[in-house]
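Participant: Structure file final_13.tsv (TSV, C-alpha atoms and all ligand atoms) right here:
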chain	number	residue	atom	x	y	z
A	1	MET	CA	111.42	-49.56	58.22
A	2	LEU	CA	111.47	-48.84	54.53
A	3	LEU	CA	114.47	-46.82	53.37
A	4	HIS	CA	115.53	-45.45	50.00
A	5	VAL	CA	119.34	-45.40	49.71
A	6	PRO	CA	120.31	-43.27	46.69
A	7	SER	CA	123.33	-43.79	44.42
A	8	VAL	CA	124.71	-47.03	45.82
A	9	LEU	CA	126.36	-47.41	42.41
A	10	ASP	CA	128.06	-44.45	40.74
A	11	PRO	CA	127.55	-44.10	36.95
A	12	GLY	CA	130.76	-46.02	36.11
A	13	ASP	CA	129.97	-48.98	38.36
A	14	LEU	CA	126.35	-48.99	37.22
A	15	ALA	CA	127.48	-49.19	33.56
A	16	ARG	CA	129.86	-52.06	34.38
A	17	VAL	CA	127.18	-54.04	36.28
A	18	ARG	CA	124.69	-53.45	33.48
A	19	ALA	CA	127.18	-54.68	30.87
A	20	LEU	CA	127.87	-57.82	32.93
A	21	THR	CA	124.18	-58.60	33.37
A	22	THR	CA	123.42	-57.91	29.70
A	23	GLY	CA	126.02	-60.46	28.60
A	24	ALA	CA	124.98	-63.11	31.14
A	25	ALA	CA	123.06	-66.36	30.55
A	26	TRP	CA	119.66	-65.99	32.28
A	27	VAL	CA	117.78	-68.98	33.71
A	28	ASP	CA	114.43	-69.63	35.40
A	29	GLY	CA	114.27	-67.58	38.62
A	30	ARG	CA	112.70	-70.41	40.60
A	31	ILE	CA	116.20	-71.81	41.30
A	32	THR	CA	116.30	-69.81	44.55
A	33	ALA	CA	112.60	-69.90	45.50
A	34	GLY	CA	110.98	-71.69	48.42
A	35	THR	CA	107.92	-73.94	47.98
A	36	GLN	CA	105.37	-71.14	48.40
A	37	SER	CA	107.27	-68.49	46.49
A	38	GLU	CA	108.00	-70.77	43.52
A	39	GLN	CA	104.26	-70.85	42.83
A	40	ALA	CA	104.25	-67.07	42.58
A	41	LYS	CA	107.61	-66.54	40.92
A	42	ASN	CA	107.97	-66.04	37.18
A	43	ASN	CA	111.19	-64.23	36.33
A	44	LEU	CA	114.77	-64.80	35.21
A	45	GLN	CA	117.98	-64.93	37.22
A	46	ILE	CA	121.70	-65.27	36.65
A	47	PRO	CA	122.98	-68.42	38.44
A	48	ALA	CA	124.84	-67.40	41.62
A	49	ASP	CA	128.02	-69.17	40.52
A	50	ALA	CA	128.16	-67.54	37.06
A	51	PRO	CA	131.30	-65.38	36.65
A	52	ALA	CA	129.13	-62.38	35.63
A	53	ALA	CA	127.06	-62.65	38.83
A	54	ARG	CA	130.15	-62.92	40.99
A	55	GLU	CA	131.90	-59.94	39.40
A	56	ALA	CA	128.77	-57.78	39.42
A	57	GLY	CA	128.05	-58.88	43.00
A	58	GLU	CA	131.50	-57.70	44.12
A	59	ILE	CA	130.82	-54.27	42.57
A	60	VAL	CA	127.49	-54.08	44.43
A	61	LEU	CA	129.15	-55.03	47.73
A	62	ALA	CA	131.85	-52.38	47.18
A	63	GLY	CA	129.11	-49.79	46.56
A	64	LEU	CA	127.34	-50.81	49.79
A	65	ALA	CA	130.60	-50.53	51.74
A	66	LYS	CA	130.85	-46.87	50.69
A	67	SER	CA	127.29	-46.00	51.78
A	68	ALA	CA	127.11	-44.62	55.34
A	69	LEU	CA	123.31	-44.47	55.06
A	70	PHE	CA	123.10	-48.17	54.20
A	71	PHE	CA	125.41	-49.05	57.10
A	72	THR	CA	123.55	-47.08	59.75
A	73	ALA	CA	120.14	-48.34	58.60
A	74	ALA	CA	121.07	-52.01	58.15
A	75	LEU	CA	123.91	-52.43	60.68
A	76	PRO	CA	124.98	-55.40	58.55
A	77	ARG	CA	126.52	-58.46	60.14
A	78	HIS	CA	126.42	-60.59	57.00
A	79	ILE	CA	125.32	-59.74	53.48
A	80	PHE	CA	124.16	-62.56	51.23
A	81	PRO	CA	126.08	-62.47	47.93
A	82	PRO	CA	123.99	-60.24	45.62
A	83	LEU	CA	121.87	-62.02	43.01
A	84	PHE	CA	120.46	-60.58	39.78
A	85	ASN	CA	116.99	-60.87	38.29
A	86	CYS	CA	115.18	-59.75	35.18
A	87	TYR	CA	111.46	-59.34	34.49
A	88	ARG	CA	110.51	-59.23	30.81
A	89	GLY	CA	108.28	-60.81	28.17
A	90	THR	CA	106.44	-63.86	29.50
A	91	THR	CA	108.68	-64.10	32.59
A	92	ASN	CA	107.60	-60.79	34.01
A	93	ALA	CA	106.16	-60.96	37.55
A	94	PHE	CA	106.53	-62.28	41.09
A	95	GLY	CA	103.28	-62.53	43.10
A	96	ASN	CA	102.85	-62.01	46.85
A	97	HIS	CA	105.36	-63.87	49.00
A	98	VAL	CA	107.57	-63.60	52.07
A	99	ASP	CA	111.30	-64.24	51.63
A	100	ASN	CA	112.75	-67.37	53.25
A	101	ALA	CA	113.91	-66.69	56.83
A	102	VAL	CA	117.28	-68.39	56.39
A	103	ARG	CA	119.44	-68.50	53.27
A	104	THR	CA	122.45	-70.69	52.71
A	105	ASP	CA	125.36	-69.39	50.70
A	106	ARG	CA	126.09	-72.45	48.57
A	107	ALA	CA	129.69	-71.41	48.00
A	108	THR	CA	130.57	-71.30	51.71
A	109	GLY	CA	127.76	-73.34	53.33
A	110	LYS	CA	127.15	-70.36	55.61
A	111	HIS	CA	123.60	-69.70	56.88
A	112	ILE	CA	122.31	-66.13	56.91
A	113	ARG	CA	119.17	-65.02	58.74
A	114	THR	CA	117.32	-62.61	56.47
A	115	ASP	CA	116.44	-59.60	58.65
A	116	LEU	CA	116.34	-57.18	55.73
A	117	SER	CA	115.66	-57.52	52.03
A	118	ALA	CA	117.20	-55.18	49.48
A	119	THR	CA	116.54	-54.41	45.83
A	120	LEU	CA	119.06	-52.37	43.86
A	121	PHE	CA	117.51	-51.08	40.64
A	122	LEU	CA	119.72	-51.44	37.54
A	123	SER	CA	117.21	-50.42	34.84
A	124	ARG	CA	116.09	-46.82	34.49
A	125	PRO	CA	112.35	-46.30	35.19
A	126	ASP	CA	111.82	-45.17	31.57
A	127	GLU	CA	113.15	-48.51	30.28
A	128	TYR	CA	110.10	-50.49	31.42
A	129	GLU	CA	106.43	-50.22	32.25
A	130	GLY	CA	105.05	-51.83	35.42
A	131	GLY	CA	107.54	-53.78	37.53
A	132	GLU	CA	106.88	-51.86	40.75
A	133	LEU	CA	108.04	-53.53	43.94
A	134	VAL	CA	104.95	-53.48	46.16
A	135	ILE	CA	105.62	-53.95	49.88
A	136	GLU	CA	102.82	-54.61	52.37
A	137	ASP	CA	103.55	-54.20	56.04
A	138	THR	CA	102.12	-52.78	59.24
A	139	PHE	CA	102.85	-49.31	57.88
A	140	GLY	CA	100.57	-49.92	54.85
A	141	THR	CA	101.29	-50.69	51.21
A	142	LYS	CA	104.10	-48.96	49.37
A	143	SER	CA	104.85	-49.11	45.64
A	144	VAL	CA	108.51	-48.61	44.78
A	145	LYS	CA	110.28	-47.86	41.49
A	146	LEU	CA	113.66	-46.15	41.81
A	147	PRO	CA	116.30	-44.60	39.58
A	148	ALA	CA	119.06	-46.95	38.35
A	149	GLY	CA	121.78	-47.29	40.99
A	150	ASP	CA	119.39	-46.67	43.92
A	151	LEU	CA	118.43	-49.22	46.55
A	152	ILE	CA	115.36	-49.94	48.66
A	153	LEU	CA	115.85	-51.58	52.03
A	154	TYR	CA	112.79	-53.22	53.63
A	155	PRO	CA	111.94	-55.77	56.34
A	156	ALA	CA	112.34	-59.31	55.02
A	157	SER	CA	109.29	-60.23	57.12
A	158	SER	CA	106.97	-58.20	54.85
A	159	VAL	CA	104.69	-59.61	52.16
A	160	HIS	CA	105.84	-58.19	48.81
A	161	ARG	CA	105.51	-58.69	45.07
A	162	VAL	CA	106.77	-57.39	41.74
A	163	GLU	CA	104.01	-56.17	39.44
A	164	PRO	CA	103.98	-57.52	35.87
A	165	VAL	CA	106.34	-55.74	33.47
A	166	ALA	CA	104.22	-54.74	30.48
A	167	ARG	CA	107.01	-53.28	28.30
A	168	GLY	CA	110.81	-53.45	28.28
A	169	ALA	CA	112.93	-55.22	30.90
A	170	ARG	CA	113.43	-54.59	34.61
A	171	VAL	CA	116.86	-55.73	35.76
A	172	ALA	CA	117.81	-55.52	39.42
A	173	SER	CA	120.14	-56.90	42.04
A	174	PHE	CA	118.54	-58.40	45.13
A	175	PHE	CA	119.96	-59.78	48.35
A	176	TRP	CA	119.43	-60.13	52.08
A	177	ILE	CA	121.12	-58.80	55.16
A	178	GLU	CA	121.57	-60.35	58.58
A	179	SER	CA	121.80	-57.39	60.91
A	180	MET	CA	123.86	-57.00	64.08
A	181	VAL	CA	120.54	-55.84	65.57
A	182	ARG	CA	117.89	-58.42	64.79
A	183	GLU	CA	114.79	-56.44	65.85
A	184	ASP	CA	113.35	-54.00	63.34
A	185	ASP	CA	112.08	-51.59	66.05
A	186	ARG	CA	115.49	-51.42	67.74
A	187	ARG	CA	117.23	-50.83	64.41
A	188	ARG	CA	114.71	-48.09	63.69
A	189	LEU	CA	115.37	-46.41	67.04
A	190	LEU	CA	119.14	-46.55	66.52
A	191	PHE	CA	118.76	-45.14	63.01
A	192	ASP	CA	116.62	-42.21	64.21
A	193	LEU	CA	119.04	-41.50	67.04
A	194	ASP	CA	122.06	-41.66	64.75
A	195	MET	CA	120.51	-39.38	62.11
A	196	SER	CA	119.41	-36.89	64.80
A	197	ILE	CA	122.90	-36.78	66.32
A	198	LEU	CA	124.33	-36.25	62.83
A	199	GLY	CA	121.95	-33.30	62.32
A	200	LEU	CA	122.73	-31.80	65.73
A	201	ARG	CA	126.46	-32.12	65.18
A	202	GLY	CA	126.04	-30.16	61.96
A	203	SER	CA	123.90	-27.41	63.52
A	204	VAL	CA	125.34	-26.95	67.02
A	205	GLY	CA	128.65	-28.85	66.89
A	206	ASP	CA	130.00	-31.29	69.45
A	207	THR	CA	128.39	-29.75	72.55
A	208	PRO	CA	128.59	-31.78	75.79
A	209	GLU	CA	124.96	-32.82	75.20
A	210	VAL	CA	125.74	-34.09	71.70
A	211	VAL	CA	128.69	-36.06	73.05
A	212	ARG	CA	126.44	-37.63	75.73
A	213	LEU	CA	123.79	-38.48	73.14
A	214	THR	CA	126.50	-40.10	70.99
A	215	GLY	CA	127.40	-42.13	74.06
A	216	CYS	CA	123.75	-43.19	74.43
A	217	TYR	CA	123.78	-44.39	70.81
A	218	HIS	CA	126.87	-46.49	71.28
A	219	ASN	CA	125.77	-47.85	74.65
A	220	LEU	CA	122.42	-48.94	73.19
A	221	LEU	CA	124.21	-50.54	70.24
A	222	ARG	CA	126.56	-52.27	72.69
A	223	GLN	CA	123.55	-53.73	74.53
A	224	TRP	CA	121.73	-54.90	71.41
A	225	ALA	CA	124.38	-55.80	68.84
A	226	VAL	CA	125.34	-59.40	68.16
A	227	VAL	CA	128.62	-59.46	66.25
B	301	NI	NI	111.03	-61.50	47.71
Give the structure from the file, written as structure tokens.
Facilitator:
Amino acid sequence: MLLHVPSVLDPGDLARVRALTTGAAWVDGRITAGTQSEQAKNNLQIPADAPAAREAGEIVLAGLAKSALFFTAALPRHIFPPLFNCYRGTTNAFGNHVDNAVRTDRATGKHIRTDLSATLFLSRPDEYEGGELVIEDTFGTKSVKLPAGDLILYPASSVHRVEPVARGARVASFFWIESMVREDDRRRLLFDLDMSILGLRGSVGDTPEVVRLTGCYHNLLRQWAVV
């Protein structure tokens, strides 16, 4: 499932994260790439242990914690500490690749299975040309460029790339999520059920049928969730 989550960062938090990334020391993005993806990767990143990355990452995590849409779609068990990348000048693209299946948080030594990938756009679309995130999956090919502060959630199993940035700079936060529900199709079903119940509750209220459907949601989640 591909999901656009709007306004993960409010304007104040977005400005703070942008200021932190602007003042940071950027290095070659291949520091976090696997052997295949490092061939395709040509961008800049802030080292994970840089104070700017840590502070900005905490703001991103706080924004995610406030997003009910993110929670119900991702059902996060663990979130990899957010990283930050920039595409500009001669370091301006990332060719087709699949993200590594397991990531290790160097600070804690903890392994995280990457069920979902996320990109949180920090640059406004009018600040750069190109730089679309192109995601290829069983549902076809989708080209994504979102307003600053918005996030795209997509299966980490998909082949994806970032098109060359021809003008300006594209700054984003990116990270991975290990979900309580590993299977994409089960997560999709739970998401559709949850959103439908939410709609019904708004239109008809908590009828006995809505209460039973809510029970179905939780009983399915109970069967499938690993916490
Ligand atoms: Ni990737």
Participant: Need to verify the contact set: Ala65 in chain A, 12 Å, only C-alpha atoms, exclusion of same-chain residues closer than 2 positions in sequence. Can you return it as a PyMOL selection string?
Facilitator: chain A and resi 8-9+58-63+67-72+74-76+79
Participant: With the cut-off set at 8 Å and counting only C-alpha atoms and all ligand atoms, tabulate each residue of chain A with an atom at most that distance from an atom of ligand NI 301 (chain B), showing the nearest atom pair and its distance in Å to one decimal, ordered by chain and increasing number, as a tab-separated table.
Facilitator:
residue	atom	partner	partner_atom	distance
A:His97	CA	B:NI301	NI	6.3
A:Val98	CA	B:NI301	NI	5.9
A:Asp99	CA	B:NI301	NI	4.8
A:Ser117	CA	B:NI301	NI	7.5
A:Ala156	CA	B:NI301	NI	7.7
A:Val159	CA	B:NI301	NI	8.0
A:His160	CA	B:NI301	NI	6.3
A:Arg161	CA	B:NI301	NI	6.7
Participant: Could you name the residues that touch Lys110 in chain A at 12 Å or less, counting only C-alpha atoms, but leaving out those on the same chain fewer than 2 positions away, as JSON, numbers by chain?
Facilitator: {"A": [78, 79, 80, 81, 102, 103, 104, 105, 106, 107, 108, 112, 113, 178]}
Participant: Determine the nearest neighbour of Trp224 in chain A from the options A:Asp126, A:Glu209, A:Asp192, A:Asp184, counting only C-alpha atoms.
Facilitator: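 Selected residue with least distance to Trp224 in chain A: A:Asp184.
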Participant: Can you measure CA of Tyr217 in chain A to CA of Gly140 in chain A for me? One decimal in Å is fine.
Facilitator: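 Going from CA of Tyr217 in chain A over to CA of Gly140 in chain A, I get 28.7 Å.
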Participant: Using 10 Å as the limit and counting only C-alpha atoms, can you tabulate each residue of range 15-52 of chain A that touches range 165-173 of chain A, with its shortest atom-to-atom distance in Å and the two atoms involved, as JSON lines?
Facilitator:
{"residue": "A:Val17", "atom": "CA", "partner": "A:Ser173", "partner_atom": "CA", "distance": 9.5}
{"residue": "A:Arg18", "atom": "CA", "partner": "A:Val171", "partner_atom": "CA", "distance": 8.5}
{"residue": "A:Thr21", "atom": "CA", "partner": "A:Val171", "partner_atom": "CA", "distance": 8.2}
{"residue": "A:Thr22", "atom": "CA", "partner": "A:Val171", "partner_atom": "CA", "distance": 9.2}
{"residue": "A:Leu44", "atom": "CA", "partner": "A:Val171", "partner_atom": "CA", "distance": 9.3}
{"residue": "A:Gln45", "atom": "CA", "partner": "A:Val171", "partner_atom": "CA", "distance": 9.4}
Participant: Enumerate, as a PyMOL selection string, the protein, DNA and RNA residues whose atoms approach (113.0, -49.7, 63.8) to within 12 Å, taking into account all atoms listed in the file and the coordinate frame of the file.
Facilitator: chain A and resi 1-3+72-75+115-116+139+154-155+181-193
Participant: How many Å lie between CA of Thr114 in chain A and CA of Asp13 in chain A, rounded to one decimal?
Facilitator: 26.0 Å
Participant: If you measure from CA of Val211 in chain A to CA of Met180 in chain A, what distance in Å do you get, rounded to one decimal?
Facilitator: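 CA of Met180 in chain A lies at a distance of 23.3 Å from CA of Val211 in chain A.
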Participant: In terms of the shortest atom-to-atom distance over only C-alpha atoms, which of A:Leu220, A:Leu146, A:Ala48, A:Ala225 is closest to Gly131 in chain A?
Facilitator: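 Looking only at the distances to Gly131 in chain A, the closest residue turns out to be A:Leu146.
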Participant: If I wrap all listed atoms of range 29-34 of chain A in a box with edges along x, y and z and add 3 Å on each side, what are its centre and edge lengths in Å to one decimal, as AutoDock Vina command-line options?
Facilitator:
--center_x 113.6 --center_y -69.7 --center_z 43.5 --size_x 11.3 --size_y 10.2 --size_z 15.8
Participant: Would you mind telling me which residue in A:Lys145, A:His218, A:Arg88, A:Arg201 lies nearest to Trp26 in chain A when using all atoms listed in the file?
Facilitator: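 The shortest atom-to-atom distance to Trp26 in chain A comes from A:Arg88.
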Participant: Which residues, written as a ChimeraX atom specification, have at least one atom at most 10 Å from Asp28 in chain A, with all atoms listed in the file counted and residues fewer than 2 positions away on the same chain left out?
Facilitator: /A:26,30-32,41-47,85-86,91
Participant: Given all atoms listed in the file as the basis, pick out the residue of A:Gly95, A:Ser157, A:Tyr87, A:Thr214 nearest to Met195 in chain A.
Facilitator: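 Of A:Gly95, A:Ser157, A:Tyr87, A:Thr214, the one nearest Met195 in chain A, counting all atoms listed in the file, is A:Thr214.
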